[in-house]
There are 2 protein chains.
Amino acid sequence: MRSCYRHLLLCALSCLLLGRTAPADEGMWTFDNPPNKLLHERYGFTATPQWLDHVRLSSVRLNDGGSGSFVSPHGLLLTNHHVAIGQLQKNSTAEHDYVRDGFYAAIPDQEMKSPDLEVNVLVAMENVTQRVQNALKDITDAQKALAARKDVIAQITRESEQKTGLRSDVVTLYQGGEYWLYRYKKYTDVRIVFAQEQQIAYFGGDPDNFTYPRYDLDMALFRVYENGKPLETTNFLKWNAKGAGNGELVFVPGHPGSTSRLDTMAQLLQERDVRIPLILELLKSRLQTMHHYAARGPEQARQAEDLILSLENSAKAYQGIYQALLDKRVIAKKQTEEDQFRKLVASKPEWQSEFGGAWDTIAGAEAKAAPITKKLLFRRLDSQLASLALSLVQYVAEIKKPDGERLSGFHEAQLESLRYRLLSPAPIYPEMEQARLSGGLAESARQLGADDEFVKTVLDGRTSDALAAELVKGTQLADPKVRKALLEGGEAAVAASSDPMIALARKVDPLSRAITMWFEDNVQSVEQAAGEKLGKARFLAYGKSAYPDATFTLRLSYGTLKGFPMNGTKAPYKTTFYGLYDRAHSFDLSPPFDLPARYSEGIKKLDLATPLDFVSSCDVVGGNSGSPVINKNAELVGLIFDGNIESLAGDFIYDEETNRSVAVHSAAMIEALRKIYDAGKLADELEGVSH
Amino acid sequence: MRSCYRHLLLCALSCLLLGRTAPADEGMWTFDNPPNKLLHERYGFTATPQWLDHVRLSSVRLNDGGSGSFVSPHGLLLTNHHVAIGQLQKNSTAEHDYVRDGFYAAIPDQEMKSPDLEVNVLVAMENVTQRVQNALKDITDAQKALAARKDVIAQITRESEQKTGLRSDVVTLYQGGEYWLYRYKKYTDVRIVFAQEQQIAYFGGDPDNFTYPRYDLDMALFRVYENGKPLETTNFLKWNAKGAGNGELVFVPGHPGSTSRLDTMAQLLQERDVRIPLILELLKSRLQTMHHYAARGPEQARQAEDLILSLENSAKAYQGIYQALLDKRVIAKKQTEEDQFRKLVASKPEWQSEFGGAWDTIAGAEAKAAPITKKLLFRRLDSQLASLALSLVQYVAEIKKPDGERLSGFHEAQLESLRYRLLSPAPIYPEMEQARLSGGLAESARQLGADDEFVKTVLDGRTSDALAAELVKGTQLADPKVRKALLEGGEAAVAASSDPMIALARKVDPLSRAITMWFEDNVQSVEQAAGEKLGKARFLAYGKSAYPDATFTLRLSYGTLKGFPMNGTKAPYKTTFYGLYDRAHSFDLSPPFDLPARYSEGIKKLDLATPLDFVSSCDVVGGNSGSPVINKNAELVGLIFDGNIESLAGDFIYDEETNRSVAVHSAAMIEALRKIYDAGKLADELEGVSH
């Protein structure tokens with residue numbers, strides 16, 4: 001308990017040091033604005049432009065929702081098993097379960113293509129704030145401003161794509177305080193080289209997820225190909241198998257998904273009191289459906305596994321975030337921050353008149369949003385086929401409109417990636433689809449009532465079971481060729497289709513659009529305009545000493561390897577293979593603490609004192625999975641795969657005392673490749689050993 | 001976080017199930033009232049009288065403040081290293097540090113005598129409630145009742161000692177709802193047979209203290225002698241080296257020190273708001289003094305070690321208790337319990353008129369006590385020599401009075417043990433005494449002010465440094481012979497002594513008496529009388545389905561081996577030797593996570609999957625240290641040495657969801673004795689292997 005006491009004390013002190021500057025090892029910094037002042041003051045380190053360019057070009061985004069890095073001159077890409085799991089799953093069959101059993105291509109010919117993985121490398125960044133803000137000048141109506149913003153952003157991306165042929169995204173930072181055009185080199189020929197057994201990648205399962213101490217080897221290796229050959233590159237991270245020591249400065253370049261650290265109190269309280277409780281109900285219901293389905297047999301269990309893991313992960317994460325928001329300390333700290341910011345704005349009449357109303361505007365929009373949140377969440381069909389159908393129906397309609405008027409997700413710059421996903425050859429399991437559709441509809445009816453327009457429209461007098469059976473049996477959409485024909489046939493083909501899933505999508509589309517439009521007009525546009533004001537005010541008040549909320553774009557975090565107070569004692573900065581065997585035997589080898597055969601049989605080959613996982617104070621969130629941890633020389637010393645339970649508060653607040661990111665140690669990956677998997681050749685490629 | 005959520009839910013449910021009956025695995029039951037109904041309902045087990053007698057007679061109390069058990073027919077006594085530490089320390093010198101290095105007597109001649117350890121076995125229990133209550137009949141004045149109670153208790157114990165020659169104590173249970181005469185067989189020839197290195201007994205040190213998962217081998221073995229020969233006995237626990245499995249029913253017979261579970265809200269809030277914060281300040285100041293002293297050199301560090309450990313232990317425990325009392329859930333639960341009890345009492349007019357005023361009476365006494373708490377705590381001298389001097393001064397005066405009128409600690413039945421302690425030949429370190437005296441006085445002056453009567457009387461114009469030097473240099477009391485002469489010389493010898501420590505004790509004595517008497521008259525006697533009323537009311541309201549607060553007398557706890565939700569995940573029900581090496585290497589072998597040489601060198605000899613520690617839901621508190629954990633067949637499967645951090649709330653409340661006692665596994669002790677210490681002979685004696 002001593003540590004708790006210390007924690008309270010530190011909090012009392014840190015509460016005096018507020019404002020939006022980032023003390024401590026906080027922050028997910030954009031590469032145009034690295035925290036060099038903080039780095040120099042705290043660690044005597046400066047990130048040079050060359051260092052930053054090399055790190056940026058060695059980092060990748062995996063559009064399955066994670067990060068990664070190049071780790072050899074021949075296109076080897078390191079990420080997590082749990083980021084690669086979708087592609088492993090899609091290559092698996094009832095005969096070959098690569099998720100469960102792992103995979104290793106000892107020779108290039110065995111490397112296995114990913115059906116629909118897209119990898120992005122951020123090759124250029126351009127500040128387009130002025131152009132966006134010029135387009136919005138003199139527009140006071142929020143809805144018109146939203147449309148004008150969409151329009152100018154669509155123009156910028158289209159121009160960029162035409163000029164460079166690169167994927168181009170305009171990224172909104174600091175709630176609209178800045179707009180940046182990011183250009184990506186895109187790779188889609190990405191082959192699986194290595195993955196271990198799920199049970200060692202995710203040892204400890206859902207209980208250990210989002211916790212530390214941890215004993216997971218959550219890694220996977222892809223190889224990126226270009227023109228049918230392994231990508232040759234000088235932008236890759238050298239492997240440092242020694243790893244980093246206690247207290248050593250490290251960095252995490254990666255793609256944090258989203259945070260709400262700049263949200264107003266009205267937004268936070270809405271999350272806590274309205275949205276998250278409903279999301280938890282949604283996740284619980286979906287998990288229940290999937291557990292029932294998995295219980296039908298081993299093949300069903302295999303099919304369901306990756307979705308169950310993802311749902312459990314979300315449920316635990318939201319539960320953690322919810323707990324953080326129920327913590328009075330967190331709320332008090334956020335309230336103090338907001339009060340100080342409002343006071344600062346109010347201190348200058350010109351600021352007050354321009355920005356001072358933004359908080360109340362947002363609060364008003366949140367009040368409007370509250371009653372329809374349930375509809376936003378439960379007027380959805382839980383099914384891959386139904387999602388594909390709705391996307392097809394909307395795609396053919398949207399692409400005919402001017403870019404700025406389209407639904408989000410259908411802008412010109414997004415179409416190529418969207419088509420790639422719509423035409424993915426990855427398998428779809430009809431029995432599972434049917435279970436999901438039926439379970440999801442029953443829950444929607446329970447939540448929204450039988451008289452809800454969406455529920456009535458979809459069920460049309462049938463039970464959810466009957467409808468799901470009818471749809472899944474009748475649809476041809478599981479075949480990518482059928483989807484391709486509709487996509488190419490355009491509006492006419494989609495309108496003429498008698499596929500029951502398309503027919504349902506045509507009925508659902510207007511309802512879906514109506515609620516989306518209402519939300520955009522009454523909430524999103526209003527909050528975006530007000531948020532932009534706050535973004536500007538924040539720049540004026542605090543300068544660029546802050547970092548923007550996460551946007552699943554490349555960021556740089558920094559920190560040191562260090563333990564933290566936990567459970568009345570100290571969590572160590574690292575764990576070892578000894579701990580893996582301790583935790584397994586402590587639970588009498590019962591799942592999820594069982595050991596794969598290779599590990600129970602291979603124990604004698606391992607040096608058990610080899611570091612396995614480690615924690616650092618680097619500020620990361622979901623989306624950072626698969627990010628490399630690098631040292632000052634930009635050498636790879638670890639692989640981010642999780643955060644501790646305390647880091648779940650990181651959506652709203654960073655606390656250096658306890659917030660930790662969890663990584664696989666570089667030494668553990670080499671030890672396992674060489675001694676457990678007989679993958680010495682791969683280890684040699686990683687370590688740069690020439691033959 | 002899932003587990004937290006579950007916890008809140010369970011709490012919400014359990015809050016509906018209150019009252020003073022004991023649901024769950026709660027309770028420290030007296031041997032006359034085992035929880036056979038609960039045991040039968042929950043586990044289909046009944047503790048027979050034979051089983052209870054055997055377990056009781058195999059259990060011992062060590063008057064250094066712990067518990068133990070006989071584990072061989074030849075008097076081997078198992079307890080914790082941390083219970084034996086005082087005796088190990090007292091046998092140590094600058095040349096031989098048995099605390100640090102451990103000790104093993106391979107042959108009987110090497111067994112090492114404990115200077116002043118007293119071991120008690122509870123051989124008889126007699127209910128004397130009627131006799132005590134008769135003596136109090138018709139006395140309404142609280143002070144007179146207190147005196148009358150003391151008097152009748154002194155009579156009962158004196159008669160018993162005269163009749164049986166056994167140590168006899170009258171124990172107050174249920175706040176005076178019952179009085180029991182306990183008779184003990186007493187052993188003082190107790191020799192040290194085995195202890196390991198401190199660093200493995202207390203691996204993880206203060207950080208890991210009161211926490212779990214844990215990796216400590218906290219054991220020591222004494223041999224009890226009678227008439228110069230090893231005690232031959234049939235009352236010992238058979239060793240079961242397999243241990244108990246997950247979920248298995250186990251029992252802990254032992255001596256929980258004290259709990260306050262029956263305290264009123266007024267008493268709890270006084271603890272939280274007045275007493276514990278002051279105790280924490282006292283402990284902090286004493287620890288600071290000792291750390292400074294230990295920093296002077298290795299010999300000073302050795303001398304200070306056992307006191308530092310004990311102070312750190314207390315500080316962490318009080319901090320944990322303090323945290324528990326700051327927890328609104330705990331307070332709310334206690335408040336609900338009290339409200340329900342009061343309501344029940346108020347529901348019958350005759351109960352209300354006899355007992356209904358007791359809560360307010362206690363609240364009134366607490367209000368009086370609050371302002372003098374600081375004096376009670378800081379009007380003390382932090383010194384062994386000063387304590388001995390004050391005991392001598394008071395001893396010679398008290399023994400002349402009728403037993404019932406004496407200060408507590410000086411009753412006839414306590415004198416033999418007191419004399420044993422007063423004449424202990426254990427070493428006293430003058431330099432350390434001086435540091436403690438000086439540091440303690442400085443803190444007393446800081447807390448009480450320079451004008452405080454005690455401070456003025458003691459310092460008498462000198463600085464605390466000067467006074468401490470003068471006293472320690474001048475006194476002869478470190479020599480047990482000098483103390484013996486004073487003890488035997490009686491009042492005259494003490495009055496005539498020019499020893500400066502005795503002279504100071506003569507000046508301090510009246511002040512000490514005055515505050516003790518004031519406290520007894522105004523607080524203790526009032527609360528005792530009112531508490532007795534509540535004890536009676538509790539019997540009437542709830543029957544004997546409850547257990548009394550702990551009193552450092554023999555109790556039986558029960559429960560099962562089971563993990564608990566922790567840190568967002570699950571703590572396992574046991575740990576293994578793998579975990580010891582993991583935690584050591586996770587901290588790069590830095591103290592307090594370093595390994596003794598025998599363990600780093602001996603690793604190859606160990607089966608690392610051997611269970612090391614385990615947790616059970618048995619309800620234990622301080623004083624239970626060294627208690628055996630036994631299975632249904634009364635076989636020894638473990639050795640209690642701690643509780644988890646959540647168990648610190650156990651002073652006030654038991655929560656089956658998270659409260660766990662921590663024990664060394666029977667297999668680990670055998671594995672270490674045989675493979676690390678080459679003590680196969682001792683292991684054979686424990687396992688009953690005949691030669």
# chains A, B, ... in the order shown; residues from 1 in each chain; ligands from 1
call {"tool": "residues_around", "arguments": {"residues": "Phe341 (chain A)", "least_positions_apart": "5", "cutoff": "12 Å", "atoms": "only C-alpha atoms", "output": "list in words"}}
result
Leu18, Gly19, Arg20, Thr21, Leu262, Thr264, Met265, Lys334, Gln335, Thr336, Ala346, Ser347, Lys348, Trp351, Gln352, Phe355, Gly356, Trp359, Leu534, Gly535, Ala537, Arg538, Phe539, Leu540, Ala541 and Tyr542 of chain A
call {"tool": "closest_atom_pairs", "arguments": {"of": "chain B", "to": "chain A", "cutoff": "7 Å", "atoms": "only C-alpha atoms", "output": "Markdown table"}}
result
| residue | atom | partner | partner_atom | distance |
| --- | --- | --- | --- | --- |
| B:Met1 | CA | A:Gly320 | CA | 5.3 |
| B:Arg2 | CA | A:Lys316 | CA | 6.2 |
| B:Pro207 | CA | A:Thr569 | CA | 4.6 |
| B:Asp208 | CA | A:Thr569 | CA | 5.3 |
| B:Thr211 | CA | A:Gly568 | CA | 6.2 |
| B:Lys316 | CA | A:Arg2 | CA | 6.1 |
| B:Gln319 | CA | A:Met1 | CA | 6.0 |
| B:Gly320 | CA | A:Met1 | CA | 5.2 |
| B:Asn567 | CA | A:Asn567 | CA | 6.5 |
| B:Gly568 | CA | A:Ile645 | CA | 6.1 |
| B:Thr569 | CA | A:Pro207 | CA | 4.7 |
| B:Lys570 | CA | A:Pro207 | CA | 6.4 |
| B:Pro572 | CA | A:Ser586 | CA | 5.7 |
| B:Tyr573 | CA | A:Ser586 | CA | 6.8 |
| B:Lys574 | CA | A:Ser586 | CA | 5.2 |
| B:Thr575 | CA | A:Ser586 | CA | 5.0 |
| B:Thr576 | CA | A:Asp582 | CA | 5.7 |
| B:Tyr578 | CA | A:Asp582 | CA | 4.8 |
| B:Gly579 | CA | A:Asp582 | CA | 4.9 |
| B:Tyr581 | CA | A:Tyr578 | CA | 6.4 |
| B:Asp582 | CA | A:Tyr578 | CA | 4.8 |
| B:His585 | CA | A:Ala609 | CA | 6.4 |
| B:Ser586 | CA | A:Thr575 | CA | 5.0 |
| B:Phe587 | CA | A:Pro572 | CA | 5.8 |
| B:Ala609 | CA | A:His585 | CA | 6.5 |
| B:Ile645 | CA | A:Gly568 | CA | 6.1 |
call {"tool": "residues_around", "arguments": {"residues": "Gly254 (chain B)", "least_positions_apart": "4", "cutoff": "6 Å", "atoms": "only C-alpha atoms", "output": "PyMOL selection string"}}
result
chain B and resi 67+554-555+624+627
call {"tool": "write_last_selection", "arguments": {"atoms": "all heavy atoms", "output": "PDB file, in the first residue's frame"}}
result
ATOM      1  N   SER B  67       2.851 -17.895  15.649  1.00  0.00           N
ATOM      2  CA  SER B  67       2.271 -19.211  15.857  1.00  0.00           C
ATOM      3  C   SER B  67       3.214 -20.267  15.300  1.00  0.00           C
ATOM      4  O   SER B  67       4.191 -19.941  14.621  1.00  0.00           O
ATOM      5  CB  SER B  67       0.919 -19.304  15.145  1.00  0.00           C
ATOM      6  OG  SER B  67       0.050 -18.287  15.595  1.00  0.00           O
ATOM      7  N   LEU B 554      -5.731 -19.186  20.558  1.00  0.00           N
ATOM      8  CA  LEU B 554      -5.875 -20.173  19.478  1.00  0.00           C
ATOM      9  C   LEU B 554      -7.239 -20.095  18.789  1.00  0.00           C
ATOM     10  O   LEU B 554      -8.279 -20.105  19.450  1.00  0.00           O
ATOM     11  CB  LEU B 554      -5.659 -21.591  20.031  1.00  0.00           C
ATOM     12  CG  LEU B 554      -5.547 -22.682  18.957  1.00  0.00           C
ATOM     13  CD1 LEU B 554      -4.321 -22.465  18.078  1.00  0.00           C
ATOM     14  CD2 LEU B 554      -5.523 -24.067  19.586  1.00  0.00           C
ATOM     15  N   ARG B 555      -7.194 -20.053  17.473  1.00  0.00           N
ATOM     16  CA  ARG B 555      -8.399 -20.007  16.650  1.00  0.00           C
ATOM     17  C   ARG B 555      -8.257 -20.972  15.464  1.00  0.00           C
ATOM     18  O   ARG B 555      -7.141 -21.334  15.086  1.00  0.00           O
ATOM     19  CB  ARG B 555      -8.621 -18.591  16.088  1.00  0.00           C
ATOM     20  CG  ARG B 555      -8.770 -17.525  17.138  1.00  0.00           C
ATOM     21  CD  ARG B 555     -10.008 -17.706  17.983  1.00  0.00           C
ATOM     22  NE  ARG B 555     -10.061 -16.672  19.012  1.00  0.00           N
ATOM     23  CZ  ARG B 555     -10.604 -15.473  18.808  1.00  0.00           C
ATOM     24  NH1 ARG B 555     -11.166 -15.196  17.651  1.00  0.00           N
ATOM     25  NH2 ARG B 555     -10.610 -14.575  19.772  1.00  0.00           N
ATOM     26  N   ASN B 624      -0.924 -14.828  13.186  1.00  0.00           N
ATOM     27  CA  ASN B 624      -1.054 -16.131  12.534  1.00  0.00           C
ATOM     28  C   ASN B 624       0.244 -16.562  11.853  1.00  0.00           C
ATOM     29  O   ASN B 624       0.337 -17.704  11.404  1.00  0.00           O
ATOM     30  CB  ASN B 624      -2.151 -16.096  11.464  1.00  0.00           C
ATOM     31  CG  ASN B 624      -3.516 -16.502  11.994  1.00  0.00           C
ATOM     32  OD1 ASN B 624      -4.425 -15.696  12.059  1.00  0.00           O
ATOM     33  ND2 ASN B 624      -3.654 -17.772  12.399  1.00  0.00           N
ATOM     34  N   SER B 627       1.604 -20.220  11.480  1.00  0.00           N
ATOM     35  CA  SER B 627       0.539 -21.215  11.637  1.00  0.00           C
ATOM     36  C   SER B 627       0.649 -22.269  10.538  1.00  0.00           C
ATOM     37  O   SER B 627       0.967 -21.955   9.399  1.00  0.00           O
ATOM     38  CB  SER B 627      -0.842 -20.563  11.485  1.00  0.00           C
ATOM     39  OG  SER B 627      -1.045 -19.575  12.449  1.00  0.00           O
TER      40      SER B 627
END
call {"tool": "closest_residue", "arguments": {"among": "B:Asp151, B:Asp479, B:Asp263, B:Glu95", "to": "Gln528 (chain B)", "atoms": "only C-alpha atoms"}}
result
B:Asp263
call {"tool": "residues_around", "arguments": {"residues": "Asn33 (chain B)", "least_positions_apart": "3", "cutoff": "9 Å", "atoms": "only C-alpha atoms", "output": "JSON, numbers by chain"}}
result
{"B": [29, 30, 36, 544, 545, 547]}
call {"tool": "residues_around", "arguments": {"residues": "Thr457 (chain A)", "least_positions_apart": "3", "cutoff": "9 Å", "atoms": "only C-alpha atoms", "output": "PDB file with N, CA and C atoms, in the first residue's frame"}}
result
ATOM      1  N   ASP A 452     -39.516  -0.078 -33.409  1.00  0.00           N
ATOM      2  CA  ASP A 452     -38.500   0.783 -34.025  1.00  0.00           C
ATOM      3  C   ASP A 452     -38.549   0.597 -35.537  1.00  0.00           C
ATOM      4  N   GLU A 453     -38.406   1.692 -36.247  1.00  0.00           N
ATOM      5  CA  GLU A 453     -38.546   1.664 -37.704  1.00  0.00           C
ATOM      6  C   GLU A 453     -37.554   0.703 -38.355  1.00  0.00           C
ATOM      7  N   PHE A 454     -36.287   0.758 -37.862  1.00  0.00           N
ATOM      8  CA  PHE A 454     -35.245  -0.115 -38.415  1.00  0.00           C
ATOM      9  C   PHE A 454     -35.603  -1.582 -38.164  1.00  0.00           C
ATOM     10  N   ASP A 460     -39.633  -7.274 -40.895  1.00  0.00           N
ATOM     11  CA  ASP A 460     -40.808  -7.336 -41.770  1.00  0.00           C
ATOM     12  C   ASP A 460     -41.696  -8.535 -41.413  1.00  0.00           C
ATOM     13  N   GLY A 461     -41.946  -8.685 -40.125  1.00  0.00           N
ATOM     14  CA  GLY A 461     -42.863  -9.729 -39.678  1.00  0.00           C
ATOM     15  C   GLY A 461     -42.241 -11.083 -39.400  1.00  0.00           C
ATOM     16  N   LEU A 504     -32.156  -6.194 -48.925  1.00  0.00           N
ATOM     17  CA  LEU A 504     -32.252  -5.669 -47.559  1.00  0.00           C
ATOM     18  C   LEU A 504     -31.443  -4.370 -47.428  1.00  0.00           C
ATOM     19  N   LYS A 507     -33.211  -1.430 -48.544  1.00  0.00           N
ATOM     20  CA  LYS A 507     -34.216  -0.932 -47.593  1.00  0.00           C
ATOM     21  C   LYS A 507     -33.578  -0.220 -46.401  1.00  0.00           C
ATOM     22  N   VAL A 508     -32.422  -0.740 -45.988  1.00  0.00           N
ATOM     23  CA  VAL A 508     -31.752  -0.179 -44.804  1.00  0.00           C
ATOM     24  C   VAL A 508     -31.049   1.136 -45.135  1.00  0.00           C
TER      25      VAL A 508
END
call {"tool": "select_by_dssp", "arguments": {"residues": "region 113-210 of chain A", "states": "alpha helix (DSSP H)", "output": "PyMOL selection string"}}
result
chain A and resi 129-136+142-164+198-201+205-208
call {"tool": "residues_around", "arguments": {"residues": "region 366-383 of chain B", "least_positions_apart": "5", "cutoff": "8 Å", "atoms": "only C-alpha atoms", "output": "list of chain:residue names"}}
result
B:Ala266, B:Gln267, B:Gln270, B:Val274, B:Arg275, B:Leu278, B:Ile279, B:Leu282, B:Glu433, B:Gln434, B:Arg436, B:Leu437, B:Gly440, B:Leu441, B:Glu443, B:Ser444, B:Gln447, B:Leu448, B:Phe454, B:Val455, B:Ser512, B:Ile515, B:Phe519, B:Asn522, B:Val523
call {"tool": "closest_residue", "arguments": {"among": "A:Lys533, A:Arg483, A:Arg446, A:Arg421", "to": "Glu281 (chain A)", "atoms": "only C-alpha atoms"}}
result
A:Arg446
call {"tool": "closest_residue", "arguments": {"among": "A:Ser666, A:Thr157, A:Thr560, A:Ser114", "to": "Arg223 (chain A)", "atoms": "only C-alpha atoms"}}
result
A:Ser114
call {"tool": "atom_distance", "arguments": {"atom1": "CA of Gln288 (chain B)", "atom2": "CA of Ser438 (chain B)"}}
result
12.2 Å
call {"tool": "residues_around", "arguments": {"residues": "Val664 (chain B)", "least_positions_apart": "2", "cutoff": "10 Å", "atoms": "only C-alpha atoms", "output": "PyMOL selection string"}}
result
chain B and resi 80+201+214-219+574-575+611-615+626+628-629+637-642+662+666-669
